[in-house]
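What follows is the content of structure27.cif (mmCIF, C-alpha atoms).
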data_structure
loop_
_atom_site.group_PDB
_atom_site.id
_atom_site.type_symbol
_atom_site.label_atom_id
_atom_site.label_comp_id
_atom_site.auth_asym_id
_atom_site.auth_seq_id
_atom_site.Cartn_x
_atom_site.Cartn_y
_atom_site.Cartn_z
ATOM 1 C CA MET A 10 240.637 120.034 74.764
ATOM 2 C CA ARG A 11 243.623 121.481 76.581
ATOM 3 C CA GLY A 12 247.247 120.466 76.596
ATOM 4 C CA HIS A 13 250.755 121.055 75.296
ATOM 5 C CA LEU A 14 252.204 120.654 71.802
ATOM 6 C CA TRP A 15 255.734 120.453 70.407
ATOM 7 C CA GLY A 16 256.543 120.236 66.729
ATOM 8 C CA GLY A 17 258.825 121.103 63.885
ATOM 9 C CA LEU A 18 259.943 120.504 60.342
ATOM 10 C CA PHE A 19 262.604 117.961 59.451
ATOM 11 C CA ALA A 20 264.354 117.659 56.106
ATOM 12 C CA ALA A 21 263.879 114.111 54.803
ATOM 13 C CA ASP A 22 265.789 112.133 52.184
ATOM 14 C CA ALA A 23 262.508 111.452 50.373
ATOM 15 C CA ALA A 24 259.011 112.716 51.045
ATOM 16 C CA PRO A 25 256.144 110.228 51.214
ATOM 17 C CA ALA A 26 253.801 110.420 48.232
ATOM 18 C CA LEU A 27 250.755 112.645 48.607
ATOM 19 C CA PRO A 28 247.320 111.856 47.185
ATOM 20 C CA PRO A 29 246.806 113.513 43.756
ATOM 21 C CA ASP A 30 244.444 116.222 45.073
ATOM 22 C CA LEU A 31 247.135 117.560 47.422
ATOM 23 C CA SER A 32 250.362 119.386 46.614
ATOM 24 C CA PRO A 33 253.384 119.717 48.921
ATOM 25 C CA LEU A 34 254.158 123.071 50.542
ATOM 26 C CA THR A 35 257.812 122.219 51.156
ATOM 27 C CA ALA A 36 260.285 120.034 49.311
ATOM 28 C CA ARG A 37 261.130 116.759 51.072
ATOM 29 C CA SER A 38 260.047 117.859 54.536
ATOM 30 C CA LEU A 39 258.241 116.036 57.303
ATOM 31 C CA ALA A 40 256.364 117.706 60.118
ATOM 32 C CA VAL A 41 256.524 115.929 63.465
ATOM 33 C CA PHE A 42 254.198 116.807 66.357
ATOM 34 C CA VAL A 43 253.971 115.473 69.906
ATOM 35 C CA ILE A 44 250.777 116.456 71.695
ATOM 36 C CA ARG A 45 249.688 115.849 75.286
ATOM 37 C CA TYR A 46 245.944 116.289 75.713
ATOM 38 C CA ARG A 47 245.623 116.827 79.473
ATOM 39 C CA GLU A 48 241.979 118.015 79.809
ATOM 40 C CA GLY A 49 238.823 117.711 77.755
ATOM 41 C CA THR A 50 236.790 115.016 76.057
ATOM 42 C CA LEU A 51 239.718 112.578 76.186
ATOM 43 C CA ARG A 52 243.141 112.619 77.825
ATOM 44 C CA TYR A 53 245.901 111.007 75.801
ATOM 45 C CA ASP A 54 249.262 111.425 74.062
ATOM 46 C CA GLU A 55 249.720 111.634 70.300
ATOM 47 C CA LEU A 56 252.600 111.556 67.805
ATOM 48 C CA ILE A 57 251.933 112.785 64.267
ATOM 49 C CA VAL A 58 254.185 112.528 61.196
ATOM 50 C CA GLY A 59 252.885 114.279 58.092
ATOM 51 C CA THR A 60 253.591 116.447 55.087
ATOM 52 C CA PRO A 61 252.744 120.160 54.914
ATOM 53 C CA ALA A 62 250.356 120.266 51.957
ATOM 54 C CA ARG A 63 247.773 122.303 50.116
ATOM 55 C CA HIS A 64 244.255 121.317 49.062
ATOM 56 C CA GLY A 65 243.046 124.045 46.726
ATOM 57 C CA ARG A 66 243.636 127.252 48.688
ATOM 58 C CA ARG A 67 243.794 125.531 52.098
ATOM 59 C CA ALA A 68 247.171 124.811 53.617
ATOM 60 C CA GLY A 69 247.527 122.206 56.330
ATOM 61 C CA LEU A 70 249.070 118.890 57.283
ATOM 62 C CA TYR A 71 248.422 115.602 55.508
ATOM 63 C CA VAL A 72 248.719 112.918 58.172
ATOM 64 C CA HIS A 73 250.762 109.926 56.955
ATOM 65 C CA TRP A 74 251.256 108.311 60.371
ATOM 66 C CA ILE A 75 249.706 108.996 63.748
ATOM 67 C CA TRP A 76 250.006 107.125 67.049
ATOM 68 C CA VAL A 77 247.920 107.541 70.202
ATOM 69 C CA ASP A 78 247.711 105.770 73.550
ATOM 70 C CA ASP A 79 243.903 105.721 73.771
ATOM 71 C CA GLU A 80 241.574 103.286 71.993
ATOM 72 C CA ARG A 81 238.704 105.812 71.865
ATOM 73 C CA SER A 82 240.952 108.375 70.181
ATOM 74 C CA LEU A 83 242.035 105.728 67.663
ATOM 75 C CA ARG A 84 238.430 104.881 66.750
ATOM 76 C CA GLY A 85 237.365 108.536 66.507
ATOM 77 C CA GLY A 86 240.392 109.478 64.416
ATOM 78 C CA ARG A 87 239.689 106.740 61.900
ATOM 79 C CA ARG A 88 235.880 107.022 61.779
ATOM 80 C CA ILE A 89 235.396 110.798 62.029
ATOM 81 C CA TRP A 90 238.514 112.512 60.649
ATOM 82 C CA GLY A 91 239.884 109.781 58.402
ATOM 83 C CA VAL A 92 243.402 109.710 59.855
ATOM 84 C CA PRO A 93 245.259 106.382 60.212
ATOM 85 C CA LYS A 94 245.648 106.287 64.002
ATOM 86 C CA GLN A 95 247.531 103.385 65.539
ATOM 87 C CA LEU A 96 248.001 102.450 69.184
ATOM 88 C CA ALA A 97 251.348 103.056 70.871
ATOM 89 C CA GLU A 98 252.893 103.416 74.289
ATOM 90 C CA PHE A 99 254.341 106.790 75.306
ATOM 91 C CA ARG A 100 257.027 106.678 77.992
ATOM 92 C CA TRP A 101 257.998 110.083 79.403
ATOM 93 C CA GLU A 102 261.212 110.731 81.332
ATOM 94 C CA GLY A 103 261.569 114.463 81.961
ATOM 95 C CA PRO A 104 261.953 116.195 78.581
ATOM 96 C CA ARG A 105 262.244 112.888 76.698
ATOM 97 C CA VAL A 106 259.491 110.755 75.221
ATOM 98 C CA ARG A 107 259.911 107.280 73.751
ATOM 99 C CA VAL A 108 257.070 105.954 71.600
ATOM 100 C CA THR A 109 256.744 102.250 70.776
ATOM 101 C CA ASP A 110 254.076 100.131 69.123
ATOM 102 C CA GLY A 111 253.614 96.463 68.231
ATOM 103 C CA GLN A 112 256.455 96.722 65.675
ATOM 104 C CA GLY A 113 258.903 98.302 68.129
ATOM 105 C CA LEU A 114 260.344 101.809 68.166
ATOM 106 C CA VAL A 115 258.325 104.606 66.595
ATOM 107 C CA ALA A 116 260.473 107.520 67.787
ATOM 108 C CA ALA A 117 262.463 108.821 70.731
ATOM 109 C CA LEU A 118 262.425 112.603 71.046
ATOM 110 C CA ARG A 119 263.821 115.249 73.370
ATOM 111 C CA LEU A 120 261.606 118.343 73.752
ATOM 112 C CA SER A 121 262.555 121.610 75.431
ATOM 113 C CA ALA A 122 261.601 125.281 75.404
ATOM 114 C CA LYS A 123 263.940 127.898 73.906
ATOM 115 C CA GLY A 124 263.093 131.252 75.428
ATOM 116 C CA PRO A 125 259.814 132.686 76.697
ATOM 117 C CA SER A 126 256.348 132.083 75.265
ATOM 118 C CA LEU A 127 254.437 134.784 73.444
ATOM 119 C CA PRO A 128 251.057 136.003 74.704
ATOM 120 C CA ARG A 129 248.066 133.768 73.948
ATOM 121 C CA LEU A 130 247.241 133.856 70.213
ATOM 122 C CA PRO A 131 244.811 132.113 67.856
ATOM 123 C CA LEU A 132 246.778 129.817 65.531
ATOM 124 C CA PRO A 133 245.578 128.096 62.335
ATOM 125 C CA MET A 134 245.564 124.294 62.573
ATOM 126 C CA THR A 135 244.238 122.496 59.484
ATOM 127 C CA GLY A 136 244.619 118.815 58.708
ATOM 128 C CA PHE A 137 243.744 116.461 55.854
ATOM 129 C CA GLY A 138 242.709 112.823 55.983
ATOM 130 C CA THR A 139 240.885 110.263 53.835
ATOM 131 C CA LEU A 140 237.521 108.762 54.697
ATOM 132 C CA ASP A 141 235.686 106.309 52.399
ATOM 133 C CA GLY A 142 237.613 107.630 49.395
ATOM 134 C CA ALA A 143 236.818 111.293 50.144
ATOM 135 C CA ARG A 144 239.222 113.967 51.343
ATOM 136 C CA THR A 145 238.558 115.165 54.887
ATOM 137 C CA VAL A 146 239.487 118.734 55.753
ATOM 138 C CA PHE A 147 239.377 119.744 59.405
ATOM 139 C CA THR A 148 240.334 123.044 60.996
ATOM 140 C CA ALA A 149 240.700 123.396 64.735
ATOM 141 C CA ARG A 150 239.870 126.500 66.704
ATOM 142 C CA PHE A 151 243.241 126.624 68.460
ATOM 143 C CA THR A 152 244.709 129.199 70.847
ATOM 144 C CA ALA A 153 248.009 128.913 72.682
ATOM 145 C CA ARG A 154 251.082 130.681 73.972
ATOM 146 C CA PRO A 155 253.523 129.847 71.156
ATOM 147 C CA GLY A 156 257.278 129.849 71.503
ATOM 148 C CA ALA A 157 260.482 128.463 70.053
ATOM 149 C CA ALA A 158 261.492 124.953 71.057
ATOM 150 C CA SER A 159 264.175 122.372 70.570
ATOM 151 C CA VAL A 160 262.667 119.218 69.068
ATOM 152 C CA ARG A 161 265.447 116.670 68.696
ATOM 153 C CA VAL A 162 265.183 113.121 67.375
ATOM 154 C CA GLU A 163 267.265 110.724 69.453
ATOM 155 C CA GLU A 164 266.046 107.528 67.760
ATOM 156 C CA TRP A 165 264.139 107.072 64.496
ATOM 157 C CA PRO A 166 263.219 103.734 62.885
ATOM 158 C CA ALA A 167 264.067 102.612 59.371
ATOM 159 C CA ARG A 168 260.344 102.099 58.647
ATOM 160 C CA LEU A 169 259.868 105.903 58.499
ATOM 161 C CA PRO A 170 261.524 108.198 55.922
ATOM 162 C CA ALA A 171 265.166 108.924 56.766
ATOM 163 C CA LEU A 172 265.805 112.373 58.227
ATOM 164 C CA ARG A 173 268.722 114.568 57.137
ATOM 165 C CA HIS A 174 269.018 116.316 60.516
ATOM 166 C CA THR A 175 268.180 115.285 64.055
ATOM 167 C CA SER A 176 266.859 118.718 65.071
ATOM 168 C CA ALA A 177 263.687 120.382 63.810
ATOM 169 C CA ARG A 178 264.286 123.513 61.748
ATOM 170 C CA PRO A 179 262.282 125.370 62.981
ATOM 171 C CA GLY A 180 261.049 123.874 66.239
ATOM 172 C CA PHE A 181 258.156 125.323 68.212
ATOM 173 C CA ARG A 182 255.821 124.687 71.102
ATOM 174 C CA ALA A 183 252.291 125.693 71.992
ATOM 175 C CA ALA A 184 252.051 125.918 75.755
ATOM 176 C CA SER A 185 248.713 125.460 77.475
ATOM 177 C CA PHE A 186 246.688 125.318 74.274
ATOM 178 C CA THR A 187 242.931 125.148 74.028
ATOM 179 C CA MET A 188 241.410 123.462 71.002
ATOM 180 C CA VAL A 189 237.977 122.689 69.638
ATOM 181 C CA LEU A 190 237.966 120.354 66.619
ATOM 182 C CA PRO A 191 234.665 120.390 64.696
ATOM 183 C CA ALA A 192 233.693 117.541 62.385
ATOM 184 C CA PRO A 193 235.534 117.623 59.033
ATOM 185 C CA THR A 194 234.176 118.706 55.700
ATOM 186 C CA LEU A 195 234.256 116.044 52.986
ATOM 187 C CA HIS A 196 235.492 116.677 49.456
ATOM 188 C CA PRO A 197 235.063 114.121 46.659
ATOM 189 C CA ALA A 198 238.258 112.391 45.615
ATOM 190 C CA PRO A 199 239.563 113.360 42.169
ATOM 191 C CA PRO A 200 239.211 110.798 39.375
ATOM 192 C CA ALA A 201 242.122 108.358 39.144
ATOM 193 C CA GLY A 202 244.717 108.889 36.462
#
Show me the file's structure as structure tokens.
Amino acid sequence: MRGHLWGGLFAADAAPALPPDLSPLTARSLAVFVIRYREGTLRYDELIVGTPARHGRRAGLYVHWIWVDDERSLRGGRRIWGVPKQLAEFRWEGPRVRVTDGQGLVAALRLSAKGPSLPRLPLPMTGFGTLDGARTVFTARFTARPGAASVRVEEWPARLPALRHTSARPGFRAASFTMVLPAPTLHPAPPAG
């Protein structure tokens, strides 16, 4: 797939709980990503809210919430990678995007570049989900021209954890990325308690 990505870390008043086999990489932080898949298997927009986490020696993002505007992406995300995709509408107006779903506002963000992009680089992109009680671990083969970005929250609903700041610290972008996402590996869930 090919497209553009913006993201960043936001300090939150309280971090969502992680499953017991994962440990947080940062204290009370949320990662927020907006991705526009413009070419490839599917073309769609995506908003991800998750926690930077570790599973054993692997660092990545545990996906708490994820919205897409494509039914096929929703089904694949749930059935293959074990991430809780939900349908939403993405309305773009220049550098702003407003995301809404059946419950109303999901987020309104303003995204802009800060300075030039670096040369094309391979970047690690690992995520964690849950499928039939097992942990999914998926690592994308991802290359892009990374650069600094301003990722600013203009509206944020009460149903998501409260943010301490409206700007990502740090904020970044991956211009013109290419990504191949193989099927995840499955790890048994740890015993309860």
Using the chain letters and numbering of this document, enumerate as a compact mmCIF listing (two decimals) with C-alpha atoms, in the coordinates of the input the residues selected by the PyMOL selection byres ((chain A and resi 98) around 7).
# COMPACT_ATOMS: atom_id res chain seq x y z
CA ASP A 78 247.71 105.77 73.55
CA ALA A 97 251.35 103.06 70.87
CA PHE A 99 254.34 106.79 75.31
CA ARG A 100 257.03 106.68 77.99
CA VAL A 108 257.07 105.95 71.60
CA THR A 109 256.74 102.25 70.78
CA ASP A 110 254.08 100.13 69.12
**Request:** For atom CA of A:Ser176 and atom CA of A:Leu39, quote the distance in Å rounded to one decimal.
**Result:** 11.9 Å
**Request:** Using the chain letters and numbering of this document, enumerate as a VMD selection string the residues selected by the PyMOL selection byres ((chain A and resi 53) around 9).
**Result:** chain A and resid 44 to 48 51 to 52 54 to 55 77 to 79 82
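Nearest-residue note for A:Ala153: choosing from A:Ser121, A:Ser185, A:Thr50, A:Thr35, the minimum distance belongs to A:Ser185, counting all atoms listed in the file.
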**Prompt:** Which is closest to A:Arg161 among A:Ala192, A:Ala184, A:Val106, A:Val146, if we use all atoms listed in the file?
**Reply:** A:Val106
**Message:** Evaluated on this file, the PyMOL selection byres ((chain A and resi 138) around 6) picks out some residues - which ones are they, written as a list in words?
**Reply:** Gly91, Val92, Phe137, Thr139, Arg144 and Thr145 of chain A
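Atom CA of A:Leu34 sits 8.1 Å away from atom CA of A:Thr60.
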**Selection: 6 Å around stretch 123-130 of chain A, all atoms listed in the file, excl. self and same-chain fewer than 6 positions, as an NGL selection string** = :A and (152-158)
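Interatomic distance, atom CA of A:Pro25 against atom CA of A:Phe42: 16.6 Å.
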**Residue list as a VMD selection string for point (244.7, 126.7, 53.8), cut-off 12 Å, all atoms listed in the file** = chain A and resid 31 to 32 34 61 to 71 133 to 137 146 to 148
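Closest approach to A:Ala177 from the set A:Gly111, A:Trp101, A:Ala149, A:Arg119 is made by A:Arg119, with distances taken over all atoms listed in the file.
With all atoms listed in the file as the basis for measurement, A:Gly142 is the residue among A:Gly12, A:Ser159, A:Ala117, A:Gly142 that approaches A:His196 most closely.
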May I have the centre and edge lengths, in Å to one decimal, of an axis-aligned box around the listed atoms of stretch 128-147 of chain A with 4 Å added to every side, as lines of an AutoDock Vina configuration file?
center_x = 243.4
center_y = 121.2
center_z = 62.0
size_x = 23.4
size_y = 37.7
size_z = 33.3
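Minimum atom-to-atom distance to A:Ser38, evaluated using all atoms listed in the file, belongs to A:Phe19 out of A:Ala26, A:Trp165, A:His174, A:Phe19.
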From the structure just shown, export stretch 55-148 of chain A with C-alpha atoms as a tab-separated table (two decimals), in the first residue's frame.
chain	number	residue	atom	x	y	z
A	55	GLU	CA	-7.76	5.49	9.09
A	56	LEU	CA	-7.50	7.01	12.57
A	57	ILE	CA	-5.69	5.01	15.26
A	58	VAL	CA	-5.49	5.71	19.01
A	59	GLY	CA	-3.22	3.38	20.96
A	60	THR	CA	-0.60	2.93	23.64
A	61	PRO	CA	3.10	2.44	22.91
A	62	ALA	CA	3.75	-0.96	24.49
A	63	ARG	CA	6.13	-3.88	24.72
A	64	HIS	CA	5.41	-7.59	24.26
A	65	GLY	CA	8.51	-9.42	25.43
A	66	ARG	CA	11.34	-7.75	23.50
A	67	ARG	CA	9.08	-6.31	20.78
A	68	ALA	CA	8.04	-2.70	21.00
A	69	GLY	CA	5.01	-1.46	19.10
A	70	LEU	CA	1.55	0.03	19.38
A	71	TYR	CA	-1.38	-1.62	21.13
A	72	VAL	CA	-4.48	-0.46	19.26
A	73	HIS	CA	-7.28	0.58	21.65
A	74	TRP	CA	-9.44	2.33	19.05
A	75	ILE	CA	-9.29	2.44	15.27
A	76	TRP	CA	-11.68	3.94	12.73
A	77	VAL	CA	-11.74	3.45	8.96
A	78	ASP	CA	-14.03	4.52	6.13
A	79	ASP	CA	-14.03	1.19	4.28
A	80	GLU	CA	-16.08	-1.89	5.18
A	81	ARG	CA	-13.50	-4.30	3.70
A	82	SER	CA	-10.75	-2.75	5.82
A	83	LEU	CA	-12.97	-3.10	8.90
A	84	ARG	CA	-13.57	-6.81	8.26
A	85	GLY	CA	-9.90	-7.53	7.51
A	86	GLY	CA	-8.70	-5.61	10.55
A	87	ARG	CA	-10.97	-7.57	12.86
A	88	ARG	CA	-10.58	-11.03	11.27
A	89	ILE	CA	-6.89	-11.00	10.32
A	90	TRP	CA	-5.04	-8.63	12.67
A	91	GLY	CA	-7.40	-8.61	15.64
A	92	VAL	CA	-7.79	-4.83	15.89
A	93	PRO	CA	-11.18	-3.31	16.84
A	94	LYS	CA	-11.90	-1.36	13.65
A	95	GLN	CA	-15.06	0.72	13.51
A	96	LEU	CA	-16.60	2.61	10.60
A	97	ALA	CA	-16.35	6.40	10.47
A	98	GLU	CA	-16.60	9.28	8.06
A	99	PHE	CA	-13.47	11.33	7.32
A	100	ARG	CA	-14.09	14.88	6.11
A	101	TRP	CA	-10.99	16.67	4.81
A	102	GLU	CA	-10.74	20.45	4.41
A	103	GLY	CA	-7.17	21.39	3.49
A	104	PRO	CA	-4.92	20.45	6.42
A	105	ARG	CA	-7.88	19.60	8.68
A	106	VAL	CA	-9.67	16.30	9.09
A	107	ARG	CA	-12.87	15.73	11.06
A	108	VAL	CA	-13.75	12.13	11.92
A	109	THR	CA	-17.26	11.14	13.02
A	110	ASP	CA	-19.02	7.84	13.62
A	111	GLY	CA	-22.48	6.70	14.72
A	112	GLN	CA	-21.87	8.19	18.19
A	113	GLY	CA	-20.77	11.59	16.86
A	114	LEU	CA	-17.35	13.23	16.97
A	115	VAL	CA	-14.29	11.00	17.10
A	116	ALA	CA	-11.66	13.71	16.58
A	117	ALA	CA	-10.91	16.88	14.65
A	118	LEU	CA	-7.23	17.33	13.83
A	119	ARG	CA	-5.04	19.82	12.00
A	120	LEU	CA	-2.00	18.28	10.27
A	121	SER	CA	0.92	20.15	8.74
A	122	ALA	CA	4.57	19.62	7.84
A	123	LYS	CA	7.34	21.33	9.83
A	124	GLY	CA	10.42	21.53	7.65
A	125	PRO	CA	11.70	19.25	4.89
A	126	SER	CA	11.43	15.47	4.74
A	127	LEU	CA	14.43	13.22	5.15
A	128	PRO	CA	15.51	10.83	2.39
A	129	ARG	CA	13.50	7.61	2.07
A	130	LEU	CA	14.22	5.28	5.02
A	131	PRO	CA	12.95	1.93	6.30
A	132	LEU	CA	11.02	2.50	9.54
A	133	PRO	CA	9.88	-0.11	12.10
A	134	MET	CA	6.09	-0.37	12.40
A	135	THR	CA	4.86	-3.05	14.82
A	136	GLY	CA	1.35	-3.38	16.18
A	137	PHE	CA	-0.48	-5.60	18.67
A	138	GLY	CA	-4.07	-6.81	18.60
A	139	THR	CA	-6.20	-9.61	20.07
A	140	LEU	CA	-7.74	-12.41	18.05
A	141	ASP	CA	-9.73	-15.27	19.63
A	142	GLY	CA	-7.98	-14.69	22.96
A	143	ALA	CA	-4.48	-14.75	21.44
A	144	ARG	CA	-2.09	-11.82	21.05
A	145	THR	CA	-1.48	-10.80	17.45
A	146	VAL	CA	1.88	-9.26	16.59
A	147	PHE	CA	2.27	-7.71	13.15
A	148	THR	CA	5.24	-5.86	11.70
